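Undergrad: Enclosed is the structure file upload.cif (mmCIF, C-alpha atoms and all ligand atoms).
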data_coords
loop_
_atom_site.label_atom_id
_atom_site.label_comp_id
_atom_site.auth_asym_id
_atom_site.auth_seq_id
_atom_site.Cartn_x
_atom_site.Cartn_y
_atom_site.Cartn_z
CA MET A 202 0.00 0.00 0.00
CA LYS A 203 1.28 3.44 -0.92
CA GLN A 204 2.33 5.88 1.76
CA VAL A 205 2.05 9.66 1.74
CA ILE A 206 5.33 11.43 2.38
CA GLN A 207 6.18 15.05 2.88
CA VAL A 208 9.65 16.15 2.00
CA THR A 209 11.45 19.36 1.23
CA ILE A 210 13.67 19.04 -1.81
CA ASN A 211 16.11 21.80 -2.62
CA GLY A 212 14.06 24.15 -0.46
CA LYS A 213 10.69 23.30 -2.00
CA PRO A 214 8.18 21.30 0.04
CA ARG A 215 6.24 18.56 -1.70
CA GLN A 216 3.94 15.68 -0.95
CA ASP A 217 3.81 12.38 -2.82
CA GLU A 218 2.31 8.95 -2.53
CA VAL A 219 5.02 6.35 -2.83
CA GLU A 220 5.46 2.61 -2.54
CA PRO A 221 7.23 1.76 0.75
CA ARG A 222 9.96 -0.04 -1.22
CA LEU A 223 10.76 2.90 -3.50
CA LEU A 224 14.42 3.89 -3.18
CA LEU A 225 15.22 7.55 -2.67
CA VAL A 226 17.34 7.70 -5.81
CA HIS A 227 14.45 6.43 -7.95
CA TYR A 228 12.05 8.83 -6.27
CA LEU A 229 14.36 11.78 -6.98
CA ARG A 230 14.97 10.80 -10.60
CA ASP A 231 11.67 9.29 -11.70
CA VAL A 232 9.05 11.02 -9.55
CA VAL A 233 10.62 14.42 -8.90
CA GLY A 234 12.50 14.54 -12.21
CA LEU A 235 15.87 15.48 -10.72
CA THR A 236 18.17 13.37 -12.85
CA GLY A 237 21.41 15.02 -11.70
CA THR A 238 21.69 12.35 -9.01
CA HIS A 239 23.19 9.41 -10.86
CA ILE A 240 22.84 5.67 -10.41
CA GLY A 241 26.04 3.65 -10.59
CA CYS A 242 26.35 0.46 -8.57
CA GLU A 243 23.02 0.54 -6.70
CA THR A 244 24.79 -1.26 -3.88
CA SER A 245 26.15 1.62 -1.80
CA ILE A 246 29.69 1.35 -3.14
CA CYS A 247 30.29 3.99 -5.81
CA GLY A 248 28.76 7.14 -4.30
CA ALA A 249 27.31 8.41 -7.60
CA CYS A 250 23.91 8.73 -5.95
CA THR A 251 25.07 10.84 -2.96
CA VAL A 252 22.64 13.51 -1.74
CA LEU A 253 22.26 15.36 1.54
CA LEU A 254 19.44 14.15 3.78
CA ASN A 255 18.90 16.42 6.77
CA GLY A 256 22.39 17.80 6.21
CA VAL A 257 24.13 14.44 6.08
CA ALA A 258 25.59 12.92 2.91
CA VAL A 259 23.80 9.64 2.18
CA LYS A 260 23.79 7.16 -0.65
CA SER A 261 20.29 7.50 -2.01
CA CYS A 262 20.41 4.01 -3.57
CA THR A 263 20.31 2.47 -0.12
CA ILE A 264 17.73 4.74 1.51
CA LEU A 265 14.01 4.23 1.18
CA THR A 266 12.01 7.28 0.20
CA VAL A 267 9.81 6.83 3.26
CA GLN A 268 12.91 7.33 5.41
CA ALA A 269 13.07 10.88 4.07
CA ASN A 270 9.53 11.59 5.28
CA ASN A 271 9.39 15.00 7.00
CA GLY A 272 13.00 15.51 6.04
CA GLU A 273 15.02 17.79 3.87
CA VAL A 274 16.91 16.63 0.81
CA VAL A 275 19.48 18.59 -1.15
CA THR A 276 20.56 17.32 -4.55
CA ILE A 277 23.14 18.65 -7.00
CA GLU A 278 20.37 20.76 -8.57
CA GLY A 279 19.88 22.59 -5.27
CA LEU A 280 23.43 23.77 -4.71
CA ALA A 281 23.62 26.81 -6.96
CA THR A 282 21.85 29.90 -5.65
CA ASP A 283 20.56 32.73 -7.84
CA GLY A 284 22.37 31.26 -10.81
CA LYS A 285 25.68 31.29 -8.96
CA LEU A 286 27.56 28.03 -8.59
CA HIS A 287 28.27 26.68 -5.11
CA PRO A 288 32.01 27.08 -4.31
CA VAL A 289 32.48 23.31 -4.60
CA GLN A 290 30.90 23.35 -8.06
CA GLU A 291 33.09 26.29 -8.97
CA GLY A 292 36.14 24.40 -7.70
CA PHE A 293 35.31 21.42 -9.93
CA TRP A 294 35.06 23.83 -12.87
CA GLU A 295 38.24 25.76 -12.06
CA ARG A 296 40.41 22.80 -11.11
CA HIS A 297 39.23 20.31 -13.74
CA GLY A 298 37.56 18.03 -11.22
CA LEU A 299 34.83 17.13 -13.71
CA GLN A 300 36.76 14.29 -15.39
CA CYS A 301 34.35 11.50 -16.45
CA GLY A 302 31.34 13.48 -15.29
CA PHE A 303 29.26 10.53 -14.19
CA CYS A 304 30.53 10.53 -10.61
CA THR A 305 30.70 14.32 -10.41
CA PRO A 306 27.34 15.05 -8.72
CA GLY A 307 28.07 12.55 -5.94
CA MET A 308 31.64 13.81 -5.56
CA ILE A 309 30.41 17.38 -5.27
CA MET A 310 27.84 16.45 -2.62
CA ALA A 311 30.56 14.61 -0.70
CA GLY A 312 32.77 17.68 -1.05
CA VAL A 313 30.03 19.88 0.41
CA GLN A 314 29.76 17.51 3.38
CA ILE A 315 33.53 17.47 3.93
CA LEU A 316 33.63 21.28 4.11
CA GLN A 317 30.54 21.47 6.32
CA ARG A 318 32.32 19.30 8.83
CA ASN A 319 35.74 20.88 8.48
CA PRO A 320 36.23 24.20 6.67
CA ASN A 321 39.99 23.75 6.55
CA PRO A 322 40.71 20.09 5.75
CA THR A 323 44.12 18.71 4.92
CA GLU A 324 44.59 16.82 1.67
CA GLU A 325 44.51 13.60 3.66
CA GLN A 326 41.21 14.55 5.32
CA ILE A 327 39.71 15.36 1.91
CA ARG A 328 40.82 11.99 0.59
CA GLU A 329 39.34 10.28 3.64
CA GLY A 330 36.08 12.17 3.13
CA LEU A 331 35.95 10.90 -0.46
CA GLU A 332 36.44 7.27 0.49
CA GLY A 333 32.79 6.46 -0.18
CA ASN A 334 32.95 7.88 -3.70
CA LEU A 335 34.74 5.81 -6.30
CA CYS A 336 36.70 7.34 -9.14
CA ARG A 337 38.18 4.81 -11.49
CA CYS A 338 39.55 7.22 -14.05
CA THR A 339 42.36 9.04 -12.22
CA GLY A 340 44.01 9.40 -8.85
CA TYR A 341 41.44 11.86 -7.48
CA GLN A 342 44.02 14.65 -7.71
CA HIS A 343 41.85 17.17 -9.55
CA ILE A 344 38.89 16.36 -7.32
CA VAL A 345 40.98 16.99 -4.21
CA GLU A 346 42.24 20.27 -5.71
CA ALA A 347 38.67 21.29 -6.51
CA ILE A 348 37.66 20.81 -2.88
CA GLN A 349 40.78 22.67 -1.70
CA TYR A 350 39.80 25.54 -4.01
CA ALA A 351 36.30 25.59 -2.50
CA ALA A 352 37.65 25.46 1.05
CA GLN A 353 39.80 28.48 0.43
CA LYS A 354 37.00 30.36 -1.30
CA MET A 355 34.53 29.65 1.52
CA ARG A 356 36.98 30.86 4.16
CA THR A 357 37.63 34.23 2.52
S1 LIG B 401 24.56 4.04 -6.99
FE1 LIG B 401 24.45 4.43 -4.89
S2 LIG B 401 26.44 4.06 -4.16
FE2 LIG B 401 26.52 3.50 -6.25
S1 LIG B 402 35.42 11.12 -12.02
FE1 LIG B 402 34.19 9.49 -12.78
S2 LIG B 402 35.51 7.76 -12.78
FE2 LIG B 402 36.71 9.41 -12.11
#
If you convert what's in this file into structure tokens, what do you get?
TA:
Amino acid sequence: MKQVIQVTINGKPRQDEVEPRLLLVHYLRDVVGLTGTHIGCETSICGACTVLLNGVAVKSCTILTVQANNGEVVTIEGLATDGKLHPVQEGFWERHGLQCGFCTPGMIMAGVQILQRNPNPTEEQIREGLEGNLCRCTGYQHIVEAIQYAAQKMRT
């Protein structure tokens, strides 16, 4: 039986009837139409589906939509404000963190979480913070530099 949920997504409240088994990533992409959150492994390994739920980075492929009831979700589409990129997005642009592109939304959301927890992380702390997000194309160097760029920008 479907359940009614209320959730605020990128600052906008909405109400939907969903199956209890519907995963958050499928809700965001197929019901809400926010396809910036990508699906990679669907088993909580790659991090492509990372979003913020009540301020915490979660893998939306392993969260049920009903678990977000009365909560607040931020996706990659919700980061820019008034047409201005979030500093982490800007860092990915400026420091070539975009690379393959598929993992980028999840990496950016993880980057936002890293800087929320620690505005001045070391390179090692950034790499630790990215442990749940797989990049198979390079050694993460540009992604780390993108987050360092954002950290500096957010502190000044
Ligand atoms: S799709 Fe969710 S962690 Fe890979
Ligand atoms: S950024 Fe996607 S595999 Fe490296």
Undergrad: Could you pull the residues within 7 Å of Thr251 in chain A, counting all atoms listed in the file, minus those fewer than 6 positions along the same chain, as a VMD selection string?
TA: chain A and resid 258 to 261 307 310
Undergrad: Applying 9 Å and all atoms listed in the file, which residues near Ile315 in chain A remain after dropping the ones on its own chain fewer than 2 positions away? List them as a PyMOL selection string.
TA: chain A and resi 310-313+317-320+322+326-327+330-331+348
Undergrad: Given all atoms listed in the file as the basis, pick out the residue of A:Gln268, A:Thr339, A:Gln349, A:Thr238 nearest to Glu324 in chain A.
TA: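 Smallest separation from Glu324 in chain A among the options: A:Gln349.
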Undergrad: To box ligand LIG 401 (chain B), take all atoms listed in the file, fit an axis-aligned box, add 8 Å on each side, and give centre and edge lengths in Å to one decimal, as lines of an AutoDock Vina configuration file.
TA:
center_x = 25.5
center_y = 4.0
center_z = -5.6
size_x = 18.1
size_y = 16.9
size_z = 18.8
Undergrad: Quick one: which chain A residues come within 8 Å of ligand LIG 401 (chain B), and what is the nearest atom pair for each with the distance in Å to one decimal, counting all atoms listed in the file, rows ordered by chain and ascending number, as CSV?
TA:
residue,atom,partner,partner_atom,distance
A:Val226,CA,B:LIG401,FE1,7.9
A:His239,CA,B:LIG401,S1,6.8
A:Ile240,CA,B:LIG401,S1,4.2
A:Gly241,CA,B:LIG401,S1,3.9
A:Cys242,CA,B:LIG401,FE2,3.8
A:Glu243,CA,B:LIG401,S1,3.8
A:Thr244,CA,B:LIG401,S2,5.6
A:Ser245,CA,B:LIG401,S2,3.4
A:Ile246,CA,B:LIG401,S2,4.4
A:Cys247,CA,B:LIG401,FE2,3.8
A:Gly248,CA,B:LIG401,S2,3.9
A:Ala249,CA,B:LIG401,FE2,5.2
A:Cys250,CA,B:LIG401,FE1,4.5
A:Thr251,CA,B:LIG401,FE1,6.7
A:Lys260,CA,B:LIG401,FE1,5.1
A:Ser261,CA,B:LIG401,FE1,5.9
A:Cys262,CA,B:LIG401,FE1,4.3
A:Thr263,CA,B:LIG401,FE1,6.6
A:Gly333,CA,B:LIG401,S2,7.9
A:Asn334,CA,B:LIG401,S2,7.6
Undergrad: Could you pull the residues within 12 Å of Thr282 in chain A, counting only C-alpha atoms, minus those fewer than 5 positions along the same chain, as a short mmCIF file (atom, residue, chain, number, x, y, z; two decimals) with C-alpha atoms, keeping the file's coordinate frame?
TA:
data_model
loop_
_atom_site.label_atom_id
_atom_site.label_comp_id
_atom_site.auth_asym_id
_atom_site.auth_seq_id
_atom_site.Cartn_x
_atom_site.Cartn_y
_atom_site.Cartn_z
CA ASN A 211 16.11 21.80 -2.62
CA GLY A 212 14.06 24.15 -0.46
CA ILE A 277 23.14 18.65 -7.00
CA HIS A 287 28.27 26.68 -5.11
CA PRO A 288 32.01 27.08 -4.31
CA GLN A 290 30.90 23.35 -8.06
#
Undergrad: Measure the distance from CA of Gly292 in chain A to CA of Met355 in chain A in Å and round it to one decimal.
TA: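 For CA of Gly292 in chain A relative to CA of Met355 in chain A, the distance reads 10.7 Å.
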Undergrad: Quick one: residues within 10 Å of Glu218 in chain A, all atoms listed in the file counted, chain neighbours fewer than 3 positions away excluded, as number ranges by chain?
TA: A: 202-207, 221, 232, 267
Undergrad: So that I can see what lies close to Arg296 in chain A, please list as a PyMOL selection string the residues with an atom at most 7 Å from it, counting only C-alpha atoms and leaving out residues fewer than 3 positions away in the same chain.
TA: chain A and resi 292-293+343+346-347
Undergrad: Given only C-alpha atoms and all ligand atoms as the basis, pick out the residue of A:Ala281, A:Gly302, A:Gly272, A:Ile309 nearest to ligand LIG 402 (chain B).
TA: A:Gly302
Undergrad: Per residue of chain A within 7 Å of ligand LIG 402 (chain B), note the shortest atom pair and the distance in Å to one decimal, counting only C-alpha atoms and all ligand atoms, and order the rows by chain and increasing residue number, as JSON lines.
TA:
{"residue": "A:Leu299", "atom": "CA", "partner": "B:LIG402", "partner_atom": "S1", "distance": 6.3}
{"residue": "A:Gln300", "atom": "CA", "partner": "B:LIG402", "partner_atom": "S1", "distance": 4.8}
{"residue": "A:Cys301", "atom": "CA", "partner": "B:LIG402", "partner_atom": "FE1", "distance": 4.2}
{"residue": "A:Gly302", "atom": "CA", "partner": "B:LIG402", "partner_atom": "FE1", "distance": 5.5}
{"residue": "A:Phe303", "atom": "CA", "partner": "B:LIG402", "partner_atom": "FE1", "distance": 5.2}
{"residue": "A:Cys304", "atom": "CA", "partner": "B:LIG402", "partner_atom": "FE1", "distance": 4.4}
{"residue": "A:Thr305", "atom": "CA", "partner": "B:LIG402", "partner_atom": "S1", "distance": 5.9}
{"residue": "A:Leu335", "atom": "CA", "partner": "B:LIG402", "partner_atom": "S2", "distance": 6.8}
{"residue": "A:Cys336", "atom": "CA", "partner": "B:LIG402", "partner_atom": "FE2", "distance": 3.6}
{"residue": "A:Arg337", "atom": "CA", "partner": "B:LIG402", "partner_atom": "S2", "distance": 4.2}
{"residue": "A:Cys338", "atom": "CA", "partner": "B:LIG402", "partner_atom": "FE2", "distance": 4.1}
{"residue": "A:Thr339", "atom": "CA", "partner": "B:LIG402", "partner_atom": "FE2", "distance": 5.7}
Undergrad: I'd like to know which of A:Gly298, A:Gly284, A:Gly279, A:Gly234 is closest to Val252 in chain A, using all atoms listed in the file.
TA: A:Gly279
Undergrad: Counting all atoms listed in the file, which residues come within 6 Å of (14.4, 5.2, 1.8), with the point read in the file's coordinates, and could you list them as a PyMOL selection string?
TA: chain A and resi 224-225+264-268
Undergrad: In Å, rounded to a single decimal, give me how far CA of Tyr228 in chain A is from CA of Thr209 in chain A.
TA: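 If I compute the distance from CA of Thr209 in chain A to CA of Tyr228 in chain A, I get 12.9 Å.
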Undergrad: Smallest atom-to-atom distance to Val345 in chain A: which of A:Thr236, A:Leu223, A:Thr357, A:Val289, using only C-alpha atoms?
TA: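 The shortest atom-to-atom distance to Val345 in chain A comes from A:Val289.
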Undergrad: Which residue gives the smallest distance to Pro214 in chain A among A:Met308, A:Val274, A:Leu253, A:Leu235, with only C-alpha atoms counted?
TA: A:Val274
Undergrad: Just give me the gap between CA of Asp217 in chain A and CA of Leu280 in chain A in Å, one decimal is fine.
TA: 22.8 Å
Undergrad: Select, from A:Thr276, A:Gly256, A:Asn271, A:Arg215, the residue with the minimum atom-to-atom distance to Arg230 in chain A, counting all atoms listed in the file.
TA: A:Thr276
